[in-house]
$ cat structure.cif   # mmCIF, N, CA and C atoms
data_start
loop_
_atom_site.label_atom_id
_atom_site.label_comp_id
_atom_site.auth_asym_id
_atom_site.auth_seq_id
_atom_site.Cartn_x
_atom_site.Cartn_y
_atom_site.Cartn_z
N GLY F 1 13.65 23.77 4.37
CA GLY F 1 12.64 22.83 4.73
C GLY F 1 12.97 21.43 4.24
N TRP F 2 12.21 20.49 4.68
CA TRP F 2 12.40 19.09 4.33
C TRP F 2 11.44 18.72 3.21
N SER F 3 11.85 17.79 2.36
CA SER F 3 11.02 17.37 1.24
C SER F 3 10.99 15.86 1.16
N GLY F 4 9.89 15.30 0.74
CA GLY F 4 9.76 13.86 0.55
C GLY F 4 10.29 13.38 -0.79
N ILE F 5 10.70 14.29 -1.64
CA ILE F 5 11.16 13.90 -2.98
C ILE F 5 12.37 12.97 -2.93
N PRO F 6 13.41 13.24 -2.10
CA PRO F 6 14.54 12.30 -2.05
C PRO F 6 14.11 10.88 -1.66
N ALA F 7 13.18 10.77 -0.73
CA ALA F 7 12.70 9.44 -0.32
C ALA F 7 12.00 8.74 -1.48
N TYR F 8 11.20 9.47 -2.25
CA TYR F 8 10.53 8.87 -3.40
C TYR F 8 11.56 8.36 -4.41
N PHE F 9 12.55 9.19 -4.73
CA PHE F 9 13.55 8.77 -5.73
C PHE F 9 14.37 7.58 -5.26
N TYR F 10 14.68 7.52 -3.98
CA TYR F 10 15.41 6.37 -3.45
C TYR F 10 14.58 5.09 -3.66
N GLY F 11 13.31 5.13 -3.27
CA GLY F 11 12.44 3.96 -3.43
C GLY F 11 12.19 3.60 -4.88
N ALA F 12 11.95 4.61 -5.70
CA ALA F 12 11.58 4.36 -7.10
C ALA F 12 12.77 4.03 -7.99
N TYR F 13 13.91 4.65 -7.73
CA TYR F 13 15.03 4.49 -8.67
C TYR F 13 16.20 3.68 -8.11
N VAL F 14 16.56 3.83 -6.85
CA VAL F 14 17.65 3.02 -6.30
C VAL F 14 17.12 1.64 -5.92
N LEU F 15 16.07 1.60 -5.09
CA LEU F 15 15.46 0.31 -4.75
C LEU F 15 14.77 -0.29 -5.96
N GLY F 16 14.22 0.57 -6.81
CA GLY F 16 13.60 0.12 -8.05
C GLY F 16 12.15 -0.29 -7.94
N VAL F 17 11.43 0.19 -6.94
CA VAL F 17 10.03 -0.19 -6.73
C VAL F 17 9.13 0.97 -7.15
N LYS F 18 8.29 0.72 -8.17
CA LYS F 18 7.35 1.72 -8.66
C LYS F 18 6.01 1.04 -8.93
N PRO F 19 4.90 1.77 -8.76
CA PRO F 19 3.61 1.18 -9.11
C PRO F 19 3.52 0.99 -10.62
N GLN F 20 2.95 -0.14 -11.02
CA GLN F 20 2.72 -0.39 -12.44
C GLN F 20 1.23 -0.31 -12.76
N SER F 21 0.42 -0.34 -11.71
CA SER F 21 -1.03 -0.17 -11.88
C SER F 21 -1.55 0.65 -10.72
N ASP F 22 -2.79 1.11 -10.84
CA ASP F 22 -3.40 1.91 -9.78
C ASP F 22 -3.32 1.19 -8.45
N GLY F 23 -2.98 1.95 -7.41
CA GLY F 23 -2.98 1.40 -6.06
C GLY F 23 -1.90 0.37 -5.80
N PHE F 24 -0.86 0.32 -6.64
CA PHE F 24 0.25 -0.62 -6.46
C PHE F 24 -0.19 -2.08 -6.58
N ARG F 25 -1.38 -2.35 -7.14
CA ARG F 25 -1.82 -3.76 -7.26
C ARG F 25 -0.77 -4.59 -7.98
N ILE F 26 -0.13 -3.99 -8.97
CA ILE F 26 1.04 -4.59 -9.62
C ILE F 26 2.15 -3.57 -9.49
N PHE F 27 3.32 -4.01 -9.04
CA PHE F 27 4.44 -3.09 -8.92
C PHE F 27 5.65 -3.61 -9.66
N HIS F 28 6.40 -2.68 -10.20
CA HIS F 28 7.58 -2.96 -11.02
C HIS F 28 8.80 -3.00 -10.11
N VAL F 29 9.67 -3.98 -10.30
CA VAL F 29 10.92 -4.09 -9.55
C VAL F 29 12.07 -3.98 -10.54
N ALA F 30 12.82 -2.88 -10.46
CA ALA F 30 13.94 -2.64 -11.37
C ALA F 30 15.06 -1.93 -10.60
N PRO F 31 15.77 -2.65 -9.71
CA PRO F 31 16.81 -2.03 -8.90
C PRO F 31 17.94 -1.44 -9.74
N ALA F 32 18.59 -0.43 -9.18
CA ALA F 32 19.70 0.24 -9.86
C ALA F 32 21.00 -0.49 -9.57
N PHE F 33 21.12 -1.71 -10.07
CA PHE F 33 22.33 -2.50 -9.85
C PHE F 33 23.57 -1.77 -10.35
N HIS F 34 23.41 -0.96 -11.39
CA HIS F 34 24.55 -0.25 -11.99
C HIS F 34 24.99 0.97 -11.17
N VAL F 35 24.19 1.39 -10.19
CA VAL F 35 24.50 2.59 -9.41
C VAL F 35 25.26 2.27 -8.13
N CYS F 36 24.87 1.21 -7.44
CA CYS F 36 25.54 0.85 -6.20
C CYS F 36 25.51 -0.67 -6.03
N SER F 37 26.32 -1.18 -5.13
CA SER F 37 26.44 -2.63 -4.98
C SER F 37 25.44 -3.20 -3.98
N SER F 38 24.73 -2.35 -3.24
CA SER F 38 23.71 -2.84 -2.32
C SER F 38 22.76 -1.70 -1.94
N ALA F 39 21.57 -2.07 -1.56
CA ALA F 39 20.59 -1.10 -1.09
C ALA F 39 19.49 -1.85 -0.35
N SER F 40 18.83 -1.17 0.56
CA SER F 40 17.69 -1.77 1.25
C SER F 40 16.76 -0.65 1.70
N GLY F 41 15.50 -0.99 1.82
CA GLY F 41 14.54 -0.01 2.27
C GLY F 41 13.12 -0.53 2.23
N THR F 42 12.21 0.34 2.60
CA THR F 42 10.80 0.02 2.67
C THR F 42 10.02 1.05 1.85
N VAL F 43 9.10 0.56 1.04
CA VAL F 43 8.24 1.43 0.24
C VAL F 43 6.81 1.23 0.75
N PRO F 44 6.22 2.27 1.34
CA PRO F 44 4.85 2.13 1.85
C PRO F 44 3.82 2.15 0.73
N THR F 45 2.80 1.31 0.86
CA THR F 45 1.66 1.32 -0.07
C THR F 45 0.39 1.26 0.76
N GLN F 46 -0.74 1.47 0.14
CA GLN F 46 -2.02 1.40 0.86
C GLN F 46 -2.33 -0.02 1.31
N HIS F 47 -1.64 -1.01 0.76
CA HIS F 47 -1.86 -2.42 1.12
C HIS F 47 -0.90 -2.89 2.22
N GLY F 48 0.08 -2.07 2.53
CA GLY F 48 1.12 -2.43 3.49
C GLY F 48 2.48 -2.16 2.87
N ASN F 49 3.52 -2.41 3.61
CA ASN F 49 4.87 -2.08 3.17
C ASN F 49 5.47 -3.13 2.23
N ILE F 50 6.25 -2.65 1.28
CA ILE F 50 7.10 -3.49 0.44
C ILE F 50 8.51 -3.33 1.01
N GLU F 51 9.11 -4.43 1.45
CA GLU F 51 10.46 -4.39 1.97
C GLU F 51 11.38 -5.05 0.95
N ILE F 52 12.45 -4.36 0.60
CA ILE F 52 13.36 -4.88 -0.42
C ILE F 52 14.80 -4.62 -0.01
N SER F 53 15.64 -5.58 -0.28
CA SER F 53 17.08 -5.39 -0.12
C SER F 53 17.76 -6.19 -1.21
N TRP F 54 18.88 -5.69 -1.66
CA TRP F 54 19.64 -6.40 -2.68
C TRP F 54 21.11 -6.06 -2.54
N TRP F 55 21.97 -6.96 -3.02
CA TRP F 55 23.41 -6.79 -2.91
C TRP F 55 24.10 -7.64 -3.97
N GLY F 56 25.33 -7.31 -4.28
CA GLY F 56 26.08 -8.11 -5.24
C GLY F 56 27.15 -7.31 -5.94
N ALA F 57 27.76 -7.95 -6.90
CA ALA F 57 28.81 -7.33 -7.71
C ALA F 57 29.05 -8.19 -8.94
N ASP F 58 29.69 -7.61 -9.94
CA ASP F 58 30.06 -8.36 -11.15
C ASP F 58 28.89 -9.11 -11.77
N ASN F 59 27.75 -8.45 -11.88
CA ASN F 59 26.55 -9.02 -12.49
C ASN F 59 26.01 -10.24 -11.77
N GLU F 60 26.36 -10.43 -10.51
CA GLU F 60 25.80 -11.51 -9.68
C GLU F 60 25.13 -10.85 -8.48
N PHE F 61 23.81 -10.72 -8.55
CA PHE F 61 23.07 -10.04 -7.50
C PHE F 61 22.09 -10.99 -6.81
N HIS F 62 21.85 -10.69 -5.54
CA HIS F 62 20.91 -11.43 -4.71
C HIS F 62 19.98 -10.42 -4.05
N GLY F 63 18.78 -10.85 -3.73
CA GLY F 63 17.87 -9.92 -3.09
C GLY F 63 16.80 -10.60 -2.27
N LYS F 64 16.19 -9.81 -1.41
CA LYS F 64 15.04 -10.25 -0.62
C LYS F 64 13.92 -9.26 -0.88
N LEU F 65 12.73 -9.80 -1.10
CA LEU F 65 11.55 -8.98 -1.35
C LEU F 65 10.41 -9.53 -0.51
N ARG F 66 9.82 -8.67 0.31
CA ARG F 66 8.64 -9.04 1.10
C ARG F 66 7.56 -8.03 0.77
N HIS F 67 6.39 -8.54 0.37
CA HIS F 67 5.32 -7.64 -0.07
C HIS F 67 3.97 -8.16 0.41
N PRO F 68 2.98 -7.27 0.53
CA PRO F 68 1.64 -7.70 0.92
C PRO F 68 1.07 -8.69 -0.10
N ALA F 69 0.31 -9.65 0.37
CA ALA F 69 -0.27 -10.69 -0.50
C ALA F 69 -1.22 -10.11 -1.54
N ALA F 70 -1.78 -8.93 -1.28
CA ALA F 70 -2.76 -8.34 -2.20
C ALA F 70 -2.13 -7.72 -3.43
N ILE F 71 -0.80 -7.64 -3.49
CA ILE F 71 -0.16 -7.00 -4.64
C ILE F 71 0.87 -7.95 -5.26
N THR F 72 1.21 -7.68 -6.53
CA THR F 72 2.04 -8.60 -7.31
C THR F 72 3.26 -7.89 -7.89
N PRO F 73 4.46 -8.45 -7.69
CA PRO F 73 5.65 -7.86 -8.30
C PRO F 73 5.85 -8.32 -9.74
N LYS F 74 6.36 -7.44 -10.57
CA LYS F 74 6.80 -7.76 -11.93
C LYS F 74 8.25 -7.28 -12.03
N PHE F 75 9.15 -8.19 -12.38
CA PHE F 75 10.58 -7.88 -12.40
C PHE F 75 11.05 -7.43 -13.78
N SER F 76 11.92 -6.42 -13.79
CA SER F 76 12.54 -6.01 -15.04
C SER F 76 13.45 -7.13 -15.52
N GLU F 77 13.90 -7.03 -16.75
CA GLU F 77 14.79 -8.06 -17.30
C GLU F 77 16.06 -8.18 -16.46
N ALA F 78 16.66 -7.05 -16.11
CA ALA F 78 17.88 -7.07 -15.29
C ALA F 78 17.61 -7.66 -13.91
N ALA F 79 16.49 -7.26 -13.29
CA ALA F 79 16.16 -7.76 -11.95
C ALA F 79 15.87 -9.26 -11.97
N SER F 80 15.33 -9.75 -13.07
CA SER F 80 14.97 -11.17 -13.12
C SER F 80 16.20 -12.07 -13.16
N THR F 81 17.37 -11.51 -13.43
CA THR F 81 18.60 -12.32 -13.43
C THR F 81 19.16 -12.52 -12.04
N ALA F 82 18.71 -11.73 -11.07
CA ALA F 82 19.18 -11.85 -9.68
C ALA F 82 18.52 -13.05 -9.02
N LYS F 83 19.12 -13.53 -7.96
CA LYS F 83 18.54 -14.62 -7.16
C LYS F 83 17.76 -13.98 -6.02
N TRP F 84 16.42 -14.10 -6.09
CA TRP F 84 15.53 -13.44 -5.13
C TRP F 84 14.95 -14.43 -4.14
N GLU F 85 14.84 -14.00 -2.91
CA GLU F 85 14.06 -14.68 -1.87
C GLU F 85 12.81 -13.83 -1.70
N ILE F 86 11.66 -14.37 -2.06
CA ILE F 86 10.42 -13.61 -2.09
C ILE F 86 9.45 -14.18 -1.07
N SER F 87 8.84 -13.30 -0.26
CA SER F 87 7.83 -13.73 0.69
C SER F 87 6.71 -12.70 0.73
N GLN F 88 5.57 -13.12 1.28
CA GLN F 88 4.43 -12.23 1.39
C GLN F 88 4.16 -11.95 2.86
N SER F 89 3.67 -10.74 3.10
CA SER F 89 3.33 -10.36 4.47
C SER F 89 1.84 -10.39 4.67
#
$ encode --input "structure.cif" --output "structure tokens"
Amino acid sequence: GWSGIPAYFYGAYVLGVKPQSDGFRIFHVAPAFHVCSSASGTVPTQHGNIEISWWGADNEFHGKLRHPAAITPKFSEAASTAKWEISQS
């Protein structure tokens, strides 16, 4: 059978998007820069989709983050060193 667990782990650990408060009102962004050099995907929430992509190498990462206006991202220390293009949907 099919399971949604791999999709959850991809969003939560590779893309690095996890809820930090109830209902994703605040969400944590901590991409797995050390695991792969790029990743992209969509994480569904009750407020709408969070779209994230990132790429880079040698500790120089860039990313795009689009999220619903009703929710707020909080970046991990590693993620905050990347150059992000952030927009709201």
$ resolve_selection --input "structure.cif" --expression "the PyMOL selection byres ((chain F and resi 40-44) around 8)" --output "number ranges by chain"
F: 10-12, 14-15, 17, 38-39, 45-55
$ write_last_selection --input "structure.cif" --atoms "N, CA and C atoms" --output "PDB file, keeping the file's coordinate frame"
ATOM      1  N   TYR F  10      14.680   7.520  -3.980  1.00  0.00           N
ATOM      2  CA  TYR F  10      15.410   6.370  -3.450  1.00  0.00           C
ATOM      3  C   TYR F  10      14.580   5.090  -3.660  1.00  0.00           C
ATOM      4  N   GLY F  11      13.310   5.130  -3.270  1.00  0.00           N
ATOM      5  CA  GLY F  11      12.440   3.960  -3.430  1.00  0.00           C
ATOM      6  C   GLY F  11      12.190   3.600  -4.880  1.00  0.00           C
ATOM      7  N   ALA F  12      11.950   4.610  -5.700  1.00  0.00           N
ATOM      8  CA  ALA F  12      11.580   4.360  -7.100  1.00  0.00           C
ATOM      9  C   ALA F  12      12.770   4.030  -7.990  1.00  0.00           C
ATOM     10  N   VAL F  14      16.560   3.830  -6.850  1.00  0.00           N
ATOM     11  CA  VAL F  14      17.650   3.020  -6.300  1.00  0.00           C
ATOM     12  C   VAL F  14      17.120   1.640  -5.920  1.00  0.00           C
ATOM     13  N   LEU F  15      16.070   1.600  -5.090  1.00  0.00           N
ATOM     14  CA  LEU F  15      15.460   0.310  -4.750  1.00  0.00           C
ATOM     15  C   LEU F  15      14.770  -0.290  -5.960  1.00  0.00           C
ATOM     16  N   VAL F  17      11.430   0.190  -6.940  1.00  0.00           N
ATOM     17  CA  VAL F  17      10.030  -0.190  -6.730  1.00  0.00           C
ATOM     18  C   VAL F  17       9.130   0.970  -7.150  1.00  0.00           C
ATOM     19  N   SER F  38      24.730  -2.350  -3.240  1.00  0.00           N
ATOM     20  CA  SER F  38      23.710  -2.840  -2.320  1.00  0.00           C
ATOM     21  C   SER F  38      22.760  -1.700  -1.940  1.00  0.00           C
ATOM     22  N   ALA F  39      21.570  -2.070  -1.560  1.00  0.00           N
ATOM     23  CA  ALA F  39      20.590  -1.100  -1.090  1.00  0.00           C
ATOM     24  C   ALA F  39      19.490  -1.850  -0.350  1.00  0.00           C
ATOM     25  N   THR F  45       2.800   1.310   0.860  1.00  0.00           N
ATOM     26  CA  THR F  45       1.660   1.320  -0.070  1.00  0.00           C
ATOM     27  C   THR F  45       0.390   1.260   0.760  1.00  0.00           C
ATOM     28  N   GLN F  46      -0.740   1.470   0.140  1.00  0.00           N
ATOM     29  CA  GLN F  46      -2.020   1.400   0.860  1.00  0.00           C
ATOM     30  C   GLN F  46      -2.330  -0.020   1.310  1.00  0.00           C
ATOM     31  N   HIS F  47      -1.640  -1.010   0.760  1.00  0.00           N
ATOM     32  CA  HIS F  47      -1.860  -2.420   1.120  1.00  0.00           C
ATOM     33  C   HIS F  47      -0.900  -2.890   2.220  1.00  0.00           C
ATOM     34  N   GLY F  48       0.080  -2.070   2.530  1.00  0.00           N
ATOM     35  CA  GLY F  48       1.120  -2.430   3.490  1.00  0.00           C
ATOM     36  C   GLY F  48       2.480  -2.160   2.870  1.00  0.00           C
ATOM     37  N   ASN F  49       3.520  -2.410   3.610  1.00  0.00           N
ATOM     38  CA  ASN F  49       4.870  -2.080   3.170  1.00  0.00           C
ATOM     39  C   ASN F  49       5.470  -3.130   2.230  1.00  0.00           C
ATOM     40  N   ILE F  50       6.250  -2.650   1.280  1.00  0.00           N
ATOM     41  CA  ILE F  50       7.100  -3.490   0.440  1.00  0.00           C
ATOM     42  C   ILE F  50       8.510  -3.330   1.010  1.00  0.00           C
ATOM     43  N   GLU F  51       9.110  -4.430   1.450  1.00  0.00           N
ATOM     44  CA  GLU F  51      10.460  -4.390   1.970  1.00  0.00           C
ATOM     45  C   GLU F  51      11.380  -5.050   0.950  1.00  0.00           C
ATOM     46  N   ILE F  52      12.450  -4.360   0.600  1.00  0.00           N
ATOM     47  CA  ILE F  52      13.360  -4.880  -0.420  1.00  0.00           C
ATOM     48  C   ILE F  52      14.800  -4.620  -0.010  1.00  0.00           C
ATOM     49  N   SER F  53      15.640  -5.580  -0.280  1.00  0.00           N
ATOM     50  CA  SER F  53      17.080  -5.390  -0.120  1.00  0.00           C
ATOM     51  C   SER F  53      17.760  -6.190  -1.210  1.00  0.00           C
ATOM     52  N   TRP F  54      18.880  -5.690  -1.660  1.00  0.00           N
ATOM     53  CA  TRP F  54      19.640  -6.400  -2.680  1.00  0.00           C
ATOM     54  C   TRP F  54      21.110  -6.060  -2.540  1.00  0.00           C
ATOM     55  N   TRP F  55      21.970  -6.960  -3.020  1.00  0.00           N
ATOM     56  CA  TRP F  55      23.410  -6.790  -2.910  1.00  0.00           C
ATOM     57  C   TRP F  55      24.100  -7.640  -3.970  1.00  0.00           C
TER      58      TRP F  55
END
$ atom_distance --input "structure.cif" --atom1 "CA of Arg66 in chain F" --atom2 "CA of Pro19 in chain F"
15.3 Å
$ atom_distance --input "structure.cif" --atom1 "atom C of Glu77 in chain F" --atom2 "atom N of Gly23 in chain F"
23.4 Å
$ closest_residue --input "structure.cif" --among "F:Lys74, F:Ser87, F:His34, F:Ser80" --to "Asp58 in chain F" --atoms "only C-alpha atoms"
F:His34
$ atom_distance --input "structure.cif" --atom1 "atom N of Ser21 in chain F" --atom2 "atom C of Phe61 in chain F"
24.6 Å
$ resolve_selection --input "structure.cif" --expression "the PyMOL selection byres ((chain F and resi 88) around 6)" --output "JSON, numbers by chain"
{"F": [66, 67, 68, 69, 86, 87, 89]}
$ select_by_dssp --input "structure.cif" --residues "chain F" --states "helix (DSSP H, G or I)" --output "NGL selection string"
:F and (5-14 or 22-24 or 77-80)
$ residues_around --input "structure.cif" --residues "Phe27 in chain F" --least-positions-apart "5" --cutoff "6 Å" --atoms "only C-alpha atoms" --output "PDB file with N, CA and C atoms, in the frame of the given file"
ATOM      1  N   LYS F  18       8.290   0.720  -8.170  1.00  0.00           N
ATOM      2  CA  LYS F  18       7.350   1.720  -8.660  1.00  0.00           C
ATOM      3  C   LYS F  18       6.010   1.040  -8.930  1.00  0.00           C
ATOM      4  N   PRO F  19       4.900   1.770  -8.760  1.00  0.00           N
ATOM      5  CA  PRO F  19       3.610   1.180  -9.110  1.00  0.00           C
ATOM      6  C   PRO F  19       3.520   0.990 -10.620  1.00  0.00           C
ATOM      7  N   GLN F  20       2.950  -0.140 -11.020  1.00  0.00           N
ATOM      8  CA  GLN F  20       2.720  -0.390 -12.440  1.00  0.00           C
ATOM      9  C   GLN F  20       1.230  -0.310 -12.760  1.00  0.00           C
ATOM     10  N   PRO F  73       4.460  -8.450  -7.690  1.00  0.00           N
ATOM     11  CA  PRO F  73       5.650  -7.860  -8.300  1.00  0.00           C
ATOM     12  C   PRO F  73       5.850  -8.320  -9.740  1.00  0.00           C
TER      13      PRO F  73
END
$ resolve_selection --input "structure.cif" --expression "the PyMOL selection byres (((chain F and resi 59 and name CA) around 12) and name CA)" --output "PyMOL selection string"
chain F and resi 32-34+36-37+55-58+60-62+78-83
$ closest_residue --input "structure.cif" --among "F:Tyr13, F:Ala7, F:Ile71, F:Ser76" --to "Ile26 in chain F" --atoms "only N, CA and C atoms"
F:Ile71
$ select_by_dssp --input "structure.cif" --residues "range 39-80 of chain F" --states "strand (DSSP E)" --output "list in words"
Ala39, Ser40, Gly41, Thr42, Val43, Pro44, Thr45, Gly48, Asn49, Ile50, Glu51, Ile52, Ser53, Trp54, Trp55, Gly56, Ala57, Glu60, Phe61, His62, Gly63, Lys64, Leu65, Arg66, His67, Thr72, Pro73, Lys74 and Phe75 of chain F
$ write_last_selection --input "structure.cif" --atoms "N, CA and C atoms" --output "compact mmCIF listing (two decimals), in the frame of the given file"
# COMPACT_ATOMS: atom_id res chain seq x y z
N ALA F 39 21.57 -2.07 -1.56
CA ALA F 39 20.59 -1.10 -1.09
C ALA F 39 19.49 -1.85 -0.35
N SER F 40 18.83 -1.17 0.56
CA SER F 40 17.69 -1.77 1.25
C SER F 40 16.76 -0.65 1.70
N GLY F 41 15.50 -0.99 1.82
CA GLY F 41 14.54 -0.01 2.27
C GLY F 41 13.12 -0.53 2.23
N THR F 42 12.21 0.34 2.60
CA THR F 42 10.80 0.02 2.67
C THR F 42 10.02 1.05 1.85
N VAL F 43 9.10 0.56 1.04
CA VAL F 43 8.24 1.43 0.24
C VAL F 43 6.81 1.23 0.75
N PRO F 44 6.22 2.27 1.34
CA PRO F 44 4.85 2.13 1.85
C PRO F 44 3.82 2.15 0.73
N THR F 45 2.80 1.31 0.86
CA THR F 45 1.66 1.32 -0.07
C THR F 45 0.39 1.26 0.76
N GLY F 48 0.08 -2.07 2.53
CA GLY F 48 1.12 -2.43 3.49
C GLY F 48 2.48 -2.16 2.87
N ASN F 49 3.52 -2.41 3.61
CA ASN F 49 4.87 -2.08 3.17
C ASN F 49 5.47 -3.13 2.23
N ILE F 50 6.25 -2.65 1.28
CA ILE F 50 7.10 -3.49 0.44
C ILE F 50 8.51 -3.33 1.01
N GLU F 51 9.11 -4.43 1.45
CA GLU F 51 10.46 -4.39 1.97
C GLU F 51 11.38 -5.05 0.95
N ILE F 52 12.45 -4.36 0.60
CA ILE F 52 13.36 -4.88 -0.42
C ILE F 52 14.80 -4.62 -0.01
N SER F 53 15.64 -5.58 -0.28
CA SER F 53 17.08 -5.39 -0.12
C SER F 53 17.76 -6.19 -1.21
N TRP F 54 18.88 -5.69 -1.66
CA TRP F 54 19.64 -6.40 -2.68
C TRP F 54 21.11 -6.06 -2.54
N TRP F 55 21.97 -6.96 -3.02
CA TRP F 55 23.41 -6.79 -2.91
C TRP F 55 24.10 -7.64 -3.97
N GLY F 56 25.33 -7.31 -4.28
CA GLY F 56 26.08 -8.11 -5.24
C GLY F 56 27.15 -7.31 -5.94
N ALA F 57 27.76 -7.95 -6.90
CA ALA F 57 28.81 -7.33 -7.71
C ALA F 57 29.05 -8.19 -8.94
N GLU F 60 26.36 -10.43 -10.51
CA GLU F 60 25.80 -11.51 -9.68
C GLU F 60 25.13 -10.85 -8.48
N PHE F 61 23.81 -10.72 -8.55
CA PHE F 61 23.07 -10.04 -7.50
C PHE F 61 22.09 -10.99 -6.81
N HIS F 62 21.85 -10.69 -5.54
CA HIS F 62 20.91 -11.43 -4.71
C HIS F 62 19.98 -10.42 -4.05
N GLY F 63 18.78 -10.85 -3.73
CA GLY F 63 17.87 -9.92 -3.09
C GLY F 63 16.80 -10.60 -2.27
N LYS F 64 16.19 -9.81 -1.41
CA LYS F 64 15.04 -10.25 -0.62
C LYS F 64 13.92 -9.26 -0.88
N LEU F 65 12.73 -9.80 -1.10
CA LEU F 65 11.55 -8.98 -1.35
C LEU F 65 10.41 -9.53 -0.51
N ARG F 66 9.82 -8.67 0.31
CA ARG F 66 8.64 -9.04 1.10
C ARG F 66 7.56 -8.03 0.77
N HIS F 67 6.39 -8.54 0.37
CA HIS F 67 5.32 -7.64 -0.07
C HIS F 67 3.97 -8.16 0.41
N THR F 72 1.21 -7.68 -6.53
CA THR F 72 2.04 -8.60 -7.31
C THR F 72 3.26 -7.89 -7.89
N PRO F 73 4.46 -8.45 -7.69
CA PRO F 73 5.65 -7.86 -8.30
C PRO F 73 5.85 -8.32 -9.74
N LYS F 74 6.36 -7.44 -10.57
CA LYS F 74 6.80 -7.76 -11.93
C LYS F 74 8.25 -7.28 -12.03
N PHE F 75 9.15 -8.19 -12.38
CA PHE F 75 10.58 -7.88 -12.40
C PHE F 75 11.05 -7.43 -13.78
$ decode --input "structure.cif" --residues "range 62-74 of chain F" --atoms "N, CA, C and O atoms" --output "mmCIF file, in the first residue's frame"
data_model
loop_
_atom_site.group_PDB
_atom_site.id
_atom_site.type_symbol
_atom_site.label_atom_id
_atom_site.label_comp_id
_atom_site.auth_asym_id
_atom_site.auth_seq_id
_atom_site.Cartn_x
_atom_site.Cartn_y
_atom_site.Cartn_z
ATOM 1 N N HIS F 62 20.662 29.714 -1.921
ATOM 2 C CA HIS F 62 19.632 30.667 -2.319
ATOM 3 C C HIS F 62 18.296 29.942 -2.250
ATOM 4 O O HIS F 62 18.243 28.723 -2.415
ATOM 5 N N GLY F 63 17.237 30.695 -2.027
ATOM 6 C CA GLY F 63 15.941 30.046 -1.957
ATOM 7 C C GLY F 63 14.797 30.983 -2.279
ATOM 8 O O GLY F 63 14.958 32.208 -2.297
ATOM 9 N N LYS F 64 13.665 30.364 -2.569
ATOM 10 C CA LYS F 64 12.414 31.092 -2.782
ATOM 11 C C LYS F 64 11.389 30.490 -1.832
ATOM 12 O O LYS F 64 11.285 29.270 -1.704
ATOM 13 N N LEU F 65 10.650 31.362 -1.168
ATOM 14 C CA LEU F 65 9.611 30.939 -0.235
ATOM 15 C C LEU F 65 8.371 31.769 -0.510
ATOM 16 O O LEU F 65 8.430 33.000 -0.528
ATOM 17 N N ARG F 66 7.259 31.089 -0.766
ATOM 18 C CA ARG F 66 5.962 31.757 -0.949
ATOM 19 C C ARG F 66 5.007 31.118 0.051
ATOM 20 O O ARG F 66 4.874 29.898 0.102
ATOM 21 N N HIS F 67 4.369 31.975 0.858
ATOM 22 C CA HIS F 67 3.495 31.451 1.915
ATOM 23 C C HIS F 67 2.260 32.322 2.053
ATOM 24 O O HIS F 67 2.278 33.504 1.677
ATOM 25 N N PRO F 68 1.174 31.756 2.599
ATOM 26 C CA PRO F 68 -0.034 32.547 2.830
ATOM 27 C C PRO F 68 0.251 33.706 3.793
ATOM 28 O O PRO F 68 1.057 33.569 4.726
ATOM 29 N N ALA F 69 -0.400 34.829 3.574
ATOM 30 C CA ALA F 69 -0.191 36.027 4.399
ATOM 31 C C ALA F 69 -0.569 35.797 5.858
ATOM 32 O O ALA F 69 -0.041 36.471 6.742
ATOM 33 N N ALA F 70 -1.442 34.830 6.127
ATOM 34 C CA ALA F 70 -1.918 34.593 7.496
ATOM 35 C C ALA F 70 -0.906 33.868 8.367
ATOM 36 O O ALA F 70 -1.125 33.722 9.574
ATOM 37 N N ILE F 71 0.201 33.399 7.788
ATOM 38 C CA ILE F 71 1.180 32.655 8.581
ATOM 39 C C ILE F 71 2.567 33.284 8.444
ATOM 40 O O ILE F 71 2.839 34.020 7.498
ATOM 41 N N THR F 72 3.440 32.979 9.414
ATOM 42 C CA THR F 72 4.742 33.646 9.514
ATOM 43 C C THR F 72 5.880 32.635 9.562
ATOM 44 O O THR F 72 5.857 31.721 10.383
ATOM 45 N N PRO F 73 6.900 32.808 8.704
ATOM 46 C CA PRO F 73 8.055 31.914 8.769
ATOM 47 C C PRO F 73 9.067 32.361 9.819
ATOM 48 O O PRO F 73 9.239 33.548 10.066
ATOM 49 N N LYS F 74 9.713 31.400 10.442
ATOM 50 C CA LYS F 74 10.848 31.634 11.337
ATOM 51 C C LYS F 74 11.989 30.761 10.818
ATOM 52 O O LYS F 74 11.830 29.554 10.689
#
